[in-house]
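What follows is data-v6.pdb (PDB, C-alpha atoms and all ligand atoms).
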```
ATOM      1  CA  ASP A 196      -6.389   6.319  22.911
ATOM      2  CA  ASN A 197      -8.353   3.740  20.963
ATOM      3  CA  ARG A 198      -9.735   6.084  18.321
ATOM      4  CA  GLU A 199      -9.151   5.008  14.743
ATOM      5  CA  ILE A 200      -6.482   6.872  12.790
ATOM      6  CA  ALA A 201      -9.139   7.988  10.286
ATOM      7  CA  VAL A 202     -11.181   9.878  12.890
ATOM      8  CA  PRO A 203     -10.644  13.480  11.702
ATOM      9  CA  SER A 204      -9.464  14.800  15.076
ATOM     10  CA  LYS A 205      -6.967  11.950  15.409
ATOM     11  CA  THR A 206      -5.660  12.348  11.851
ATOM     12  CA  LYS A 207      -5.122  16.011  12.588
ATOM     13  CA  GLU A 208      -3.256  15.267  15.825
ATOM     14  CA  ILE A 209      -0.948  12.827  14.036
ATOM     15  CA  LEU A 210      -0.193  15.313  11.272
ATOM     16  CA  VAL A 211       0.510  18.091  13.767
ATOM     17  CA  ARG A 212       2.604  15.899  16.078
ATOM     18  CA  HIS A 213       4.863  14.885  13.188
ATOM     19  CA  GLY A 214       4.798  18.257  11.473
ATOM     20  CA  PHE A 215       3.594  16.535   8.337
ATOM     21  CA  THR A 216       2.255  18.499   5.381
ATOM     22  CA  LEU A 217       0.424  16.735   2.574
ATOM     23  CA  LYS A 218       2.028  16.646  -0.842
ATOM     24  CA  LYS A 219      -0.424  17.021  -3.700
ATOM     25  CA  SER A 220       2.099  15.813  -6.272
ATOM     26  CA  LEU A 221       2.143  12.398  -4.556
ATOM     27  CA  GLY A 222      -1.632  12.050  -4.658
ATOM     28  CA  GLN A 223      -1.908  12.444  -0.894
ATOM     29  CA  ASN A 224      -5.654  12.600  -0.365
ATOM     30  CA  PHE A 225      -6.183  10.890   2.975
ATOM     31  CA  LEU A 226      -9.377   9.149   4.035
ATOM     32  CA  THR A 227     -10.813  10.633   7.202
ATOM     33  CA  ASP A 228     -14.138   8.825   7.274
ATOM     34  CA  PRO A 229     -14.156   5.656   9.406
ATOM     35  CA  ASN A 230     -17.447   4.521   7.827
ATOM     36  CA  ILE A 231     -15.990   4.418   4.338
ATOM     37  CA  LEU A 232     -12.924   2.593   5.639
ATOM     38  CA  HIS A 233     -15.139  -0.035   7.271
ATOM     39  CA  LYS A 234     -16.985  -0.485   3.982
ATOM     40  CA  ILE A 235     -13.706  -0.953   2.101
ATOM     41  CA  VAL A 236     -12.461  -3.507   4.604
ATOM     42  CA  ALA A 237     -15.798  -5.371   4.529
ATOM     43  CA  ALA A 238     -15.761  -5.470   0.709
ATOM     44  CA  ALA A 239     -12.227  -6.855   0.768
ATOM     45  CA  GLU A 240     -13.330  -9.917   2.827
ATOM     46  CA  ILE A 241      -9.865 -10.431   4.268
ATOM     47  CA  THR A 242      -9.154 -13.374   6.546
ATOM     48  CA  LYS A 243      -6.110 -14.686   8.377
ATOM     49  CA  ASN A 244      -5.671 -16.857   5.301
ATOM     50  CA  ASN A 245      -4.769 -13.819   3.200
ATOM     51  CA  ASN A 246      -1.679 -11.750   2.800
ATOM     52  CA  VAL A 247      -2.369  -8.167   1.806
ATOM     53  CA  ILE A 248      -0.415  -5.646  -0.241
ATOM     54  CA  GLU A 249      -1.255  -2.008   0.256
ATOM     55  CA  VAL A 250      -0.066   0.802  -1.992
ATOM     56  CA  GLY A 251       0.377   4.140  -0.250
ATOM     57  CA  PRO A 252      -0.481   3.630   3.435
ATOM     58  CA  GLY A 253      -0.226   7.373   4.153
ATOM     59  CA  ILE A 254      -0.458   7.617   7.941
ATOM     60  CA  GLY A 255      -1.915   4.101   8.230
ATOM     61  CA  ALA A 256      -5.675   4.757   8.319
ATOM     62  CA  LEU A 257      -6.499   1.734   6.136
ATOM     63  CA  THR A 258      -3.412  -0.243   7.147
ATOM     64  CA  GLU A 259      -4.490  -0.637  10.776
ATOM     65  CA  HIS A 260      -7.722  -2.322   9.654
ATOM     66  CA  LEU A 261      -5.914  -4.568   7.183
ATOM     67  CA  ALA A 262      -3.439  -5.601   9.887
ATOM     68  CA  GLN A 263      -6.275  -6.671  12.187
ATOM     69  CA  LYS A 264      -7.817  -8.949   9.538
ATOM     70  CA  ALA A 265      -4.905 -10.286   7.488
ATOM     71  CA  ASN A 266      -2.087 -12.687   8.142
ATOM     72  CA  GLN A 267       0.512 -10.166   6.974
ATOM     73  CA  VAL A 268       0.425  -6.727   5.371
ATOM     74  CA  LEU A 269       3.092  -5.387   3.036
ATOM     75  CA  ALA A 270       2.723  -1.680   2.305
ATOM     76  CA  PHE A 271       4.671   0.375  -0.242
ATOM     77  CA  GLU A 272       5.025   4.044   0.609
ATOM     78  CA  ILE A 273       7.057   6.323  -1.646
ATOM     79  CA  ASP A 274       7.185   9.285   0.738
ATOM     80  CA  GLN A 275      10.149   8.908   3.074
ATOM     81  CA  ARG A 276       8.654  11.478   5.469
ATOM     82  CA  LEU A 277       5.838   9.037   6.262
ATOM     83  CA  ILE A 278       8.117   6.220   7.447
ATOM     84  CA  PRO A 279       8.618   7.569  10.999
ATOM     85  CA  VAL A 280       4.918   8.491  11.143
ATOM     86  CA  LEU A 281       3.900   4.924  10.262
ATOM     87  CA  ALA A 282       6.403   3.513  12.761
ATOM     88  CA  ASP A 283       4.504   5.507  15.360
ATOM     89  CA  THR A 284       0.879   4.925  14.278
ATOM     90  CA  LEU A 285       1.293   1.209  13.505
ATOM     91  CA  GLN A 286       3.628   0.293  16.373
ATOM     92  CA  ALA A 287       1.066  -2.118  17.831
ATOM     93  CA  PHE A 288       1.137  -4.375  14.744
ATOM     94  CA  GLU A 289       3.811  -6.978  14.271
ATOM     95  CA  ASN A 290       2.422  -8.257  10.983
ATOM     96  CA  VAL A 291       2.974  -5.035   9.011
ATOM     97  CA  THR A 292       6.017  -4.403   6.823
ATOM     98  CA  ILE A 293       6.446  -0.949   5.328
ATOM     99  CA  VAL A 294       8.691  -0.664   2.298
ATOM    100  CA  ASN A 295       9.825   2.851   1.413
ATOM    101  CA  GLN A 296       9.727   2.431  -2.336
ATOM    102  CA  ASP A 297       7.914   3.518  -5.484
ATOM    103  CA  VAL A 298       5.591   0.585  -6.119
ATOM    104  CA  LEU A 299       6.110   0.969  -9.867
ATOM    105  CA  GLN A 300       9.850   0.364  -9.430
ATOM    106  CA  THR A 301       9.273  -2.707  -7.302
ATOM    107  CA  ASP A 302       9.788  -6.322  -8.268
ATOM    108  CA  LEU A 303       6.594  -7.617  -6.668
ATOM    109  CA  VAL A 304       7.553 -11.291  -6.801
ATOM    110  CA  LYS A 305      10.918 -10.776  -5.116
ATOM    111  CA  THR A 306       9.603  -8.442  -2.433
ATOM    112  CA  THR A 307       6.636 -10.619  -1.495
ATOM    113  CA  GLU A 308       8.881 -13.695  -1.360
ATOM    114  CA  LYS A 309      11.087 -11.854   1.103
ATOM    115  CA  VAL A 310       8.298 -10.459   3.291
ATOM    116  CA  PHE A 311       5.499 -13.016   3.336
ATOM    117  CA  THR A 312       6.446 -16.002   5.448
ATOM    118  CA  LYS A 313       3.457 -18.102   4.392
ATOM    119  CA  ASP A 314       2.258 -18.773   0.861
ATOM    120  CA  LEU A 315      -1.330 -17.480   1.060
ATOM    121  CA  PRO A 316      -3.656 -15.900  -1.523
ATOM    122  CA  VAL A 317      -2.665 -12.248  -1.944
ATOM    123  CA  LYS A 318      -5.111  -9.352  -2.057
ATOM    124  CA  VAL A 319      -4.224  -5.810  -3.016
ATOM    125  CA  VAL A 320      -6.220  -3.311  -0.972
ATOM    126  CA  ALA A 321      -5.511   0.376  -1.467
ATOM    127  CA  ASN A 322      -6.714   3.893  -1.713
ATOM    128  CA  LEU A 323      -4.589   4.599  -4.775
ATOM    129  CA  PRO A 324      -2.647   7.760  -5.577
ATOM    130  CA  TYR A 325      -4.746   9.049  -8.473
ATOM    131  CA  TYR A 326      -1.946  10.482 -10.599
ATOM    132  CA  ILE A 327      -0.747   6.957 -11.397
ATOM    133  CA  THR A 328      -3.861   4.775 -11.051
ATOM    134  CA  THR A 329      -3.580   3.057 -14.423
ATOM    135  CA  PRO A 330       0.185   2.356 -14.276
ATOM    136  CA  ILE A 331      -0.280   0.803 -10.814
ATOM    137  CA  MET A 332      -3.154  -1.398 -12.002
ATOM    138  CA  MET A 333      -1.101  -2.534 -14.987
ATOM    139  CA  HIS A 334       2.006  -3.110 -12.851
ATOM    140  CA  PHE A 335       0.048  -5.618 -10.746
ATOM    141  CA  LEU A 336      -1.758  -7.253 -13.657
ATOM    142  CA  GLU A 337       1.400  -7.710 -15.706
ATOM    143  CA  SER A 338       3.427  -8.973 -12.763
ATOM    144  CA  ASP A 339       4.115 -12.692 -12.363
ATOM    145  CA  LEU A 340       2.675 -12.360  -8.884
ATOM    146  CA  ALA A 341      -0.820 -13.779  -9.395
ATOM    147  CA  VAL A 342      -2.774 -11.451  -7.129
ATOM    148  CA  HIS A 343      -6.074 -13.110  -6.243
ATOM    149  CA  GLN A 344      -8.125  -9.954  -5.749
ATOM    150  CA  MET A 345      -7.688  -6.204  -5.993
ATOM    151  CA  ILE A 346      -9.987  -3.987  -3.969
ATOM    152  CA  VAL A 347      -8.993  -0.460  -4.825
ATOM    153  CA  MET A 348     -10.326   3.042  -4.489
ATOM    154  CA  LEU A 349      -9.796   5.100  -7.613
ATOM    155  CA  GLN A 350     -11.405   7.807  -9.721
ATOM    156  CA  LYS A 351     -15.014   6.884 -10.507
ATOM    157  CA  GLU A 352     -14.387   7.592 -14.171
ATOM    158  CA  VAL A 353     -11.464   5.133 -14.327
ATOM    159  CA  ALA A 354     -13.463   2.493 -12.436
ATOM    160  CA  GLU A 355     -16.236   2.873 -15.015
ATOM    161  CA  ARG A 356     -13.785   2.459 -17.873
ATOM    162  CA  ILE A 357     -12.393  -0.727 -16.342
ATOM    163  CA  ASN A 358     -15.890  -2.092 -15.661
ATOM    164  CA  ALA A 359     -17.325  -1.102 -19.086
ATOM    165  CA  LYS A 360     -19.296  -3.215 -21.550
ATOM    166  CA  PRO A 361     -18.641  -3.276 -25.316
ATOM    167  CA  GLY A 362     -20.479  -0.618 -27.303
ATOM    168  CA  THR A 363     -20.302   2.006 -24.548
ATOM    169  CA  LYS A 364     -18.200   5.152 -24.542
ATOM    170  CA  ASP A 365     -16.200   3.912 -21.545
ATOM    171  CA  TYR A 366     -15.106   0.688 -23.252
ATOM    172  CA  GLY A 367     -11.494   0.752 -24.413
ATOM    173  CA  SER A 368      -8.085  -0.897 -24.326
ATOM    174  CA  LEU A 369      -7.901  -0.452 -20.525
ATOM    175  CA  THR A 370     -11.205  -2.326 -20.147
ATOM    176  CA  ILE A 371      -9.789  -5.199 -22.145
ATOM    177  CA  ALA A 372      -6.380  -5.211 -20.466
ATOM    178  CA  VAL A 373      -8.053  -5.636 -17.076
ATOM    179  CA  GLN A 374     -11.024  -7.846 -17.993
ATOM    180  CA  TYR A 375      -8.737 -10.272 -19.792
ATOM    181  CA  TYR A 376      -7.351 -11.373 -16.387
ATOM    182  CA  MET A 377      -9.966 -10.250 -13.885
ATOM    183  CA  ALA A 378     -13.733 -10.226 -13.324
ATOM    184  CA  THR A 379     -14.741  -6.648 -12.476
ATOM    185  CA  GLU A 380     -17.302  -5.118 -10.167
ATOM    186  CA  ILE A 381     -17.918  -1.620  -8.787
ATOM    187  CA  SER A 382     -18.723  -2.061  -5.093
ATOM    188  CA  PHE A 383     -19.793   1.500  -4.307
ATOM    189  CA  ILE A 384     -19.291   5.142  -5.216
ATOM    190  CA  VAL A 385     -17.591   7.511  -2.799
ATOM    191  CA  PRO A 386     -18.078  11.285  -2.773
ATOM    192  CA  LYS A 387     -14.932  13.396  -2.936
ATOM    193  CA  THR A 388     -15.895  15.020   0.388
ATOM    194  CA  VAL A 389     -14.556  12.098   2.478
ATOM    195  CA  PHE A 390     -10.937  12.903   1.594
ATOM    196  CA  VAL A 391      -8.534  15.493   2.974
ATOM    197  CA  PRO A 392      -7.776  17.423   0.874
ATOM    198  CA  GLN A 393     -10.704  16.826  -1.483
ATOM    199  CA  PRO A 394      -9.744  15.532  -4.908
ATOM    200  CA  LYS A 395     -11.445  17.082  -7.963
ATOM    201  CA  VAL A 396     -13.543  14.023  -8.778
ATOM    202  CA  ASP A 397     -15.662  11.394  -7.080
ATOM    203  CA  SER A 398     -14.250   7.951  -6.414
ATOM    204  CA  ALA A 399     -15.346   4.336  -6.586
ATOM    205  CA  LEU A 400     -14.324   1.129  -4.928
ATOM    206  CA  LEU A 401     -13.427  -1.320  -7.657
ATOM    207  CA  LYS A 402     -13.229  -5.022  -6.954
ATOM    208  CA  LEU A 403     -11.289  -7.278  -9.300
ATOM    209  CA  THR A 404     -11.159 -11.048  -8.953
ATOM    210  CA  ARG A 405      -8.704 -13.148 -10.924
ATOM    211  CA  ARG A 406     -10.287 -15.545 -13.401
ATOM    212  CA  LYS A 407      -9.245 -19.202 -13.318
ATOM    213  CA  GLN A 408      -8.021 -18.624 -16.845
ATOM    214  CA  PRO A 409      -8.017 -15.533 -19.072
ATOM    215  CA  LYS A 410     -11.449 -14.563 -20.384
ATOM    216  CA  VAL A 411     -10.457 -15.473 -23.955
ATOM    217  CA  GLN A 412      -7.956 -17.871 -25.485
ATOM    218  CA  VAL A 413      -5.295 -16.120 -27.544
ATOM    219  CA  THR A 414      -2.288 -17.611 -29.283
ATOM    220  CA  ASN A 415      -0.118 -14.533 -28.599
ATOM    221  CA  GLU A 416      -0.974 -12.198 -25.700
ATOM    222  CA  LYS A 417       1.342  -9.424 -26.827
ATOM    223  CA  ALA A 418      -0.196  -9.421 -30.283
ATOM    224  CA  PHE A 419      -3.692  -9.431 -28.762
ATOM    225  CA  PHE A 420      -2.974  -6.366 -26.617
ATOM    226  CA  LYS A 421      -1.306  -4.618 -29.556
ATOM    227  CA  LEU A 422      -4.456  -5.198 -31.599
ATOM    228  CA  THR A 423      -6.801  -3.934 -28.895
ATOM    229  CA  LYS A 424      -4.705  -0.772 -28.455
ATOM    230  CA  ALA A 425      -4.629  -0.239 -32.220
ATOM    231  CA  ALA A 426      -8.405  -0.636 -32.555
ATOM    232  CA  PHE A 427      -9.000   2.299 -30.168
ATOM    233  CA  GLN A 428      -6.216   4.559 -31.458
ATOM    234  CA  LEU A 429      -8.601   6.882 -33.245
ATOM    235  CA  ARG A 430     -11.935   6.347 -31.585
ATOM    236  CA  ARG A 431     -14.087   7.850 -34.302
ATOM    237  CA  LYS A 432     -12.498   5.870 -37.111
ATOM    238  CA  THR A 433     -13.503   2.409 -38.267
ATOM    239  CA  LEU A 434     -11.642  -0.730 -37.335
ATOM    240  CA  TRP A 435     -10.337  -0.906 -40.899
ATOM    241  CA  ASN A 436      -8.884   2.596 -40.676
ATOM    242  CA  ASN A 437      -7.214   1.911 -37.360
ATOM    243  CA  LEU A 438      -5.805  -1.446 -38.470
ATOM    244  CA  GLN A 439      -4.176   0.076 -41.553
ATOM    245  CA  HIS A 440      -2.852   2.887 -39.412
ATOM    246  CA  ALA A 441      -1.240   0.411 -36.983
ATOM    247  CA  TYR A 442      -0.084  -2.408 -39.262
ATOM    248  CA  GLY A 443       0.657  -0.570 -42.541
ATOM    249  CA  LYS A 444      -0.955   0.113 -45.868
ATOM    250  CA  GLU A 445       1.183  -2.161 -48.043
ATOM    251  CA  THR A 446      -0.862  -4.346 -50.391
ATOM    252  CA  VAL A 447       0.287  -7.573 -48.786
ATOM    253  CA  THR A 448      -0.615  -6.318 -45.302
ATOM    254  CA  LYS A 449      -4.026  -5.117 -46.455
ATOM    255  CA  THR A 450      -4.737  -8.442 -48.119
ATOM    256  CA  ARG A 451      -3.810 -10.343 -44.978
ATOM    257  CA  LEU A 452      -5.843  -7.976 -42.790
ATOM    258  CA  LYS A 453      -8.890  -8.401 -45.028
ATOM    259  CA  LYS A 454      -8.481 -12.178 -44.995
ATOM    260  CA  SER A 455      -8.188 -12.211 -41.178
ATOM    261  CA  LEU A 456     -11.267 -10.012 -40.732
ATOM    262  CA  ALA A 457     -13.273 -12.210 -43.088
ATOM    263  CA  GLU A 458     -12.176 -15.413 -41.329
ATOM    264  CA  ALA A 459     -13.029 -13.883 -37.950
ATOM    265  CA  GLU A 460     -16.389 -12.760 -39.397
ATOM    266  CA  ILE A 461     -15.880  -9.151 -38.371
ATOM    267  CA  ASP A 462     -17.143  -6.323 -40.542
ATOM    268  CA  PRO A 463     -14.186  -3.928 -41.137
ATOM    269  CA  SER A 464     -16.531  -0.937 -41.100
ATOM    270  CA  ARG A 465     -17.343  -1.482 -37.430
ATOM    271  CA  ARG A 466     -15.725   0.651 -34.739
ATOM    272  CA  GLY A 467     -13.295  -0.915 -32.280
ATOM    273  CA  GLU A 468     -15.520  -0.102 -29.322
ATOM    274  CA  THR A 469     -18.237  -2.473 -30.627
ATOM    275  CA  LEU A 470     -15.998  -5.565 -30.563
ATOM    276  CA  SER A 471     -16.261  -7.957 -27.636
ATOM    277  CA  LEU A 472     -13.164  -9.562 -26.093
ATOM    278  CA  GLU A 473     -14.128 -12.783 -27.888
ATOM    279  CA  GLU A 474     -14.158 -10.984 -31.246
ATOM    280  CA  PHE A 475     -10.803  -9.330 -30.589
ATOM    281  CA  ALA A 476      -9.364 -12.717 -29.642
ATOM    282  CA  ARG A 477     -10.734 -14.340 -32.788
ATOM    283  CA  LEU A 478      -9.318 -11.574 -34.951
ATOM    284  CA  SER A 479      -5.950 -11.606 -33.186
ATOM    285  CA  ASN A 480      -5.648 -15.366 -33.604
ATOM    286  CA  ARG A 481      -6.487 -15.120 -37.323
ATOM    287  CA  MET A 482      -3.935 -12.315 -37.750
ATOM    288  CA  GLU A 483      -1.268 -14.459 -36.076
ATOM    289  CA  GLU A 484      -2.146 -17.314 -38.416
ATOM    290  CA  ASN A 485      -1.916 -14.950 -41.397
ATOM    291  CA  ARG A 486       1.446 -13.570 -40.199
ATOM    292  CA  ILE A 487       0.506  -9.957 -39.464
TER     293      ILE A 487
HETATM  294  N1  LIG B 501      -3.936   4.961   2.535
HETATM  295  C1  LIG B 501      -4.056   6.348   2.916
HETATM  296  C2  LIG B 501      -5.515   6.696   3.098
HETATM  297  O1  LIG B 501      -6.354   5.957   2.601
HETATM  298  O2  LIG B 501      -5.809   7.722   3.707
HETATM  299  C3  LIG B 501      -3.404   7.285   1.891
HETATM  300  C4  LIG B 501      -3.893   7.176   0.471
HETATM  301  S1  LIG B 501      -3.294   8.477  -0.578
HETATM  302  C5  LIG B 501      -4.654   8.570  -1.741
HETATM  303  C6  LIG B 501      -2.038   7.751  -1.607
HETATM  304  C7  LIG B 501      -0.723   7.371  -0.931
HETATM  305  O3  LIG B 501       0.140   6.792  -1.907
HETATM  306  C8  LIG B 501       0.059   8.519  -0.319
HETATM  307  O4  LIG B 501       0.465   8.167   0.973
HETATM  308  C9  LIG B 501       1.287   8.683  -1.240
HETATM  309  O5  LIG B 501       2.433   9.165  -0.587
HETATM  310  C10 LIG B 501       1.462   7.268  -1.729
HETATM  311  N2  LIG B 501       2.150   7.120  -3.042
HETATM  312  C11 LIG B 501       2.116   7.979  -4.081
HETATM  313  N3  LIG B 501       2.818   7.498  -5.117
HETATM  314  C12 LIG B 501       3.309   6.293  -4.736
HETATM  315  C13 LIG B 501       4.139   5.314  -5.371
HETATM  316  N4  LIG B 501       4.571   5.482  -6.634
HETATM  317  N5  LIG B 501       4.466   4.191  -4.681
HETATM  318  C14 LIG B 501       4.019   4.025  -3.394
HETATM  319  N6  LIG B 501       3.241   4.917  -2.762
HETATM  320  C15 LIG B 501       2.889   6.040  -3.402
END
```
Show how you would write the structure in this file as structure tokens.
Ligand code: SAM
Amino acid sequence: DNREIAVPSKTKEILVRHGFTLKKSLGQNFLTDPNILHKIVAAAEITKNNNVIEVGPGIGALTEHLAQKANQVLAFEIDQRLIPVLADTLQAFENVTIVNQDVLQTDLVKTTEKVFTKDLPVKVVANLPYYITTPIMMHFLESDLAVHQMIVMLQKEVAERINAKPGTKDYGSLTIAVQYYMATEISFIVPKTVFVPQPKVDSALLKLTRRKQPKVQVTNEKAFFKLTKAAFQLRRKTLWNNLQHAYGKETVTKTRLKKSLAEAEIDPSRRGETLSLEEFARLSNRMEENRI
């Protein structure tokens, strides 16, 4: 039987054979469209000089393709019931390691050091569980494991927020958190009809590529991200309103905020969503200097 796992009749057979029922609460929307899978794998441009991390292999529909292209594949699957299923569907592949763990509770550096035998550029390729898309993205970005690329399927709306430009409604602290480290690109849009069961929304394949250095130079990353979160706290309020809300209304604070804004040449009556990453960096660096 050399049909792909994602062929609908084969997926069905696997589910029936193992008596497996999909769990909505774990974001189990499986891909049963070989064409889409081929497009994902092509976009990921994996070679034998890559190690791949997958989040949520399900029954292995994407994993089998990754295993054919990559040096090694490490896949995190939270659902214990899928472990025997994967042992069956992926038995032909010696370069796949399945770890039965919540990816969010995983020390990525330690686990990859244990599993990957060669130090190769790492790509994350996944059809993400949608109930925790943003936490998973942030878990990888904030990890000390410098993932080279992430090629992930997620809700179209979240992909658009991550890929947004300043001054648009989609632009926000998530945009900045991702674009700080990674160059972003939406490869293609995927209709919800290719999943079983169908999710409520359409999806997109998002491709992130790590920058040689962060997009902007900041003196204190934590302070920079605090500022960008603060600026979007109340979206319809001005930057000035949001800054006072986040940093306090004491006279000394207000004076220092005003001084920082003036030095960064940013009009306090602007809204956070109009500021570029460069402007946020400039303001954050001035605020650091002025001890806010
Ligand atoms: N890769 C398969 C495919 O494309 O058909 C399944 C993708 S499905 C959208 C998401 C998968 O992530 C499910 O198998 C689910 O059990 C798993 N999952 C959900 N939460 C997880 C977590 N916190 N850590 C690891 N895997 C998780």
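With distances restricted to only C-alpha atoms, A:Arg356 is the closest residue to Leu401 of chain A from A:Lys313, A:Arg356, A:Lys417, A:Lys424.
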> So which residues touch segment 196-208 of chain A within 7 Å, counting all atoms listed in the file, skipping near sequence neighbours fewer than 5 positions away, as a list in words?
Replying inline: Leu226, Thr227, Asp228, Pro229 and Ala256 of chain A
> Quick one: residues within 6 Å of ligand LIG 501 (chain B), with all atoms listed in the file, as a ChimeraX atom specification?
Replying inline: /A:221-226,250-253,256-257,271-274,297-299,322-324
> Near Arg451 of chain A, counting all atoms listed in the file, which residues have an atom at most 12 Å away, once you skip same-chain residues fewer than 3 positions from it, shown as a PyMOL selection string?
Replying inline: chain A and resi 438-439+442-448+454-458+478+481-487
List every residue of segment 206-300 of chain A that has an atom at most 10 Å from any atom of segment 304-311 of chain A, and for each one report the closest atom pair and its distance in Å to one decimal, counting all atoms listed in the file, with rows sorted by chain and then by increasing residue number, as a Markdown table.
```
| residue | atom | partner | partner_atom | distance |
| --- | --- | --- | --- | --- |
| A:Asn246 | CA | A:Phe311 | CA | 7.3 |
| A:Val247 | CA | A:Phe311 | CA | 9.4 |
| A:Ile248 | CA | A:Thr307 | CA | 8.7 |
| A:Asn266 | CA | A:Phe311 | CA | 9.0 |
| A:Gln267 | CA | A:Phe311 | CA | 6.8 |
| A:Val268 | CA | A:Phe311 | CA | 8.3 |
| A:Leu269 | CA | A:Val310 | CA | 7.3 |
| A:Asn290 | CA | A:Phe311 | CA | 9.5 |
| A:Val291 | CA | A:Val310 | CA | 9.5 |
| A:Thr292 | CA | A:Val310 | CA | 7.4 |
| A:Ile293 | CA | A:Val310 | CA | 9.9 |
| A:Val294 | CA | A:Thr306 | CA | 9.1 |
```
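Distances to Ser479 of chain A were evaluated for A:Phe288, A:Phe390, A:Phe419, A:Phe383 using only C-alpha atoms, and the minimum falls at A:Phe419.
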> If you measure from atom CA of Thr433 of chain A to atom CA of Ser368 of chain A, what distance in Å do you get, rounded to one decimal?
Replying inline: 15.3 Å
>> On this structure, the PyMOL selection byres (((chain A and resi 396) around 12) and not hetatm) would catch which residues? List them as JSON, numbers by chain, sorted by chain and number.
In response: {"A": [224, 325, 349, 350, 351, 352, 353, 384, 385, 386, 387, 388, 389, 390, 392, 393, 394, 395, 397, 398, 399]}
> Just how far from atom CA of Val347 of chain A is atom CA of Lys234 of chain A, in Å to one decimal?
Replying inline: 11.9 Å
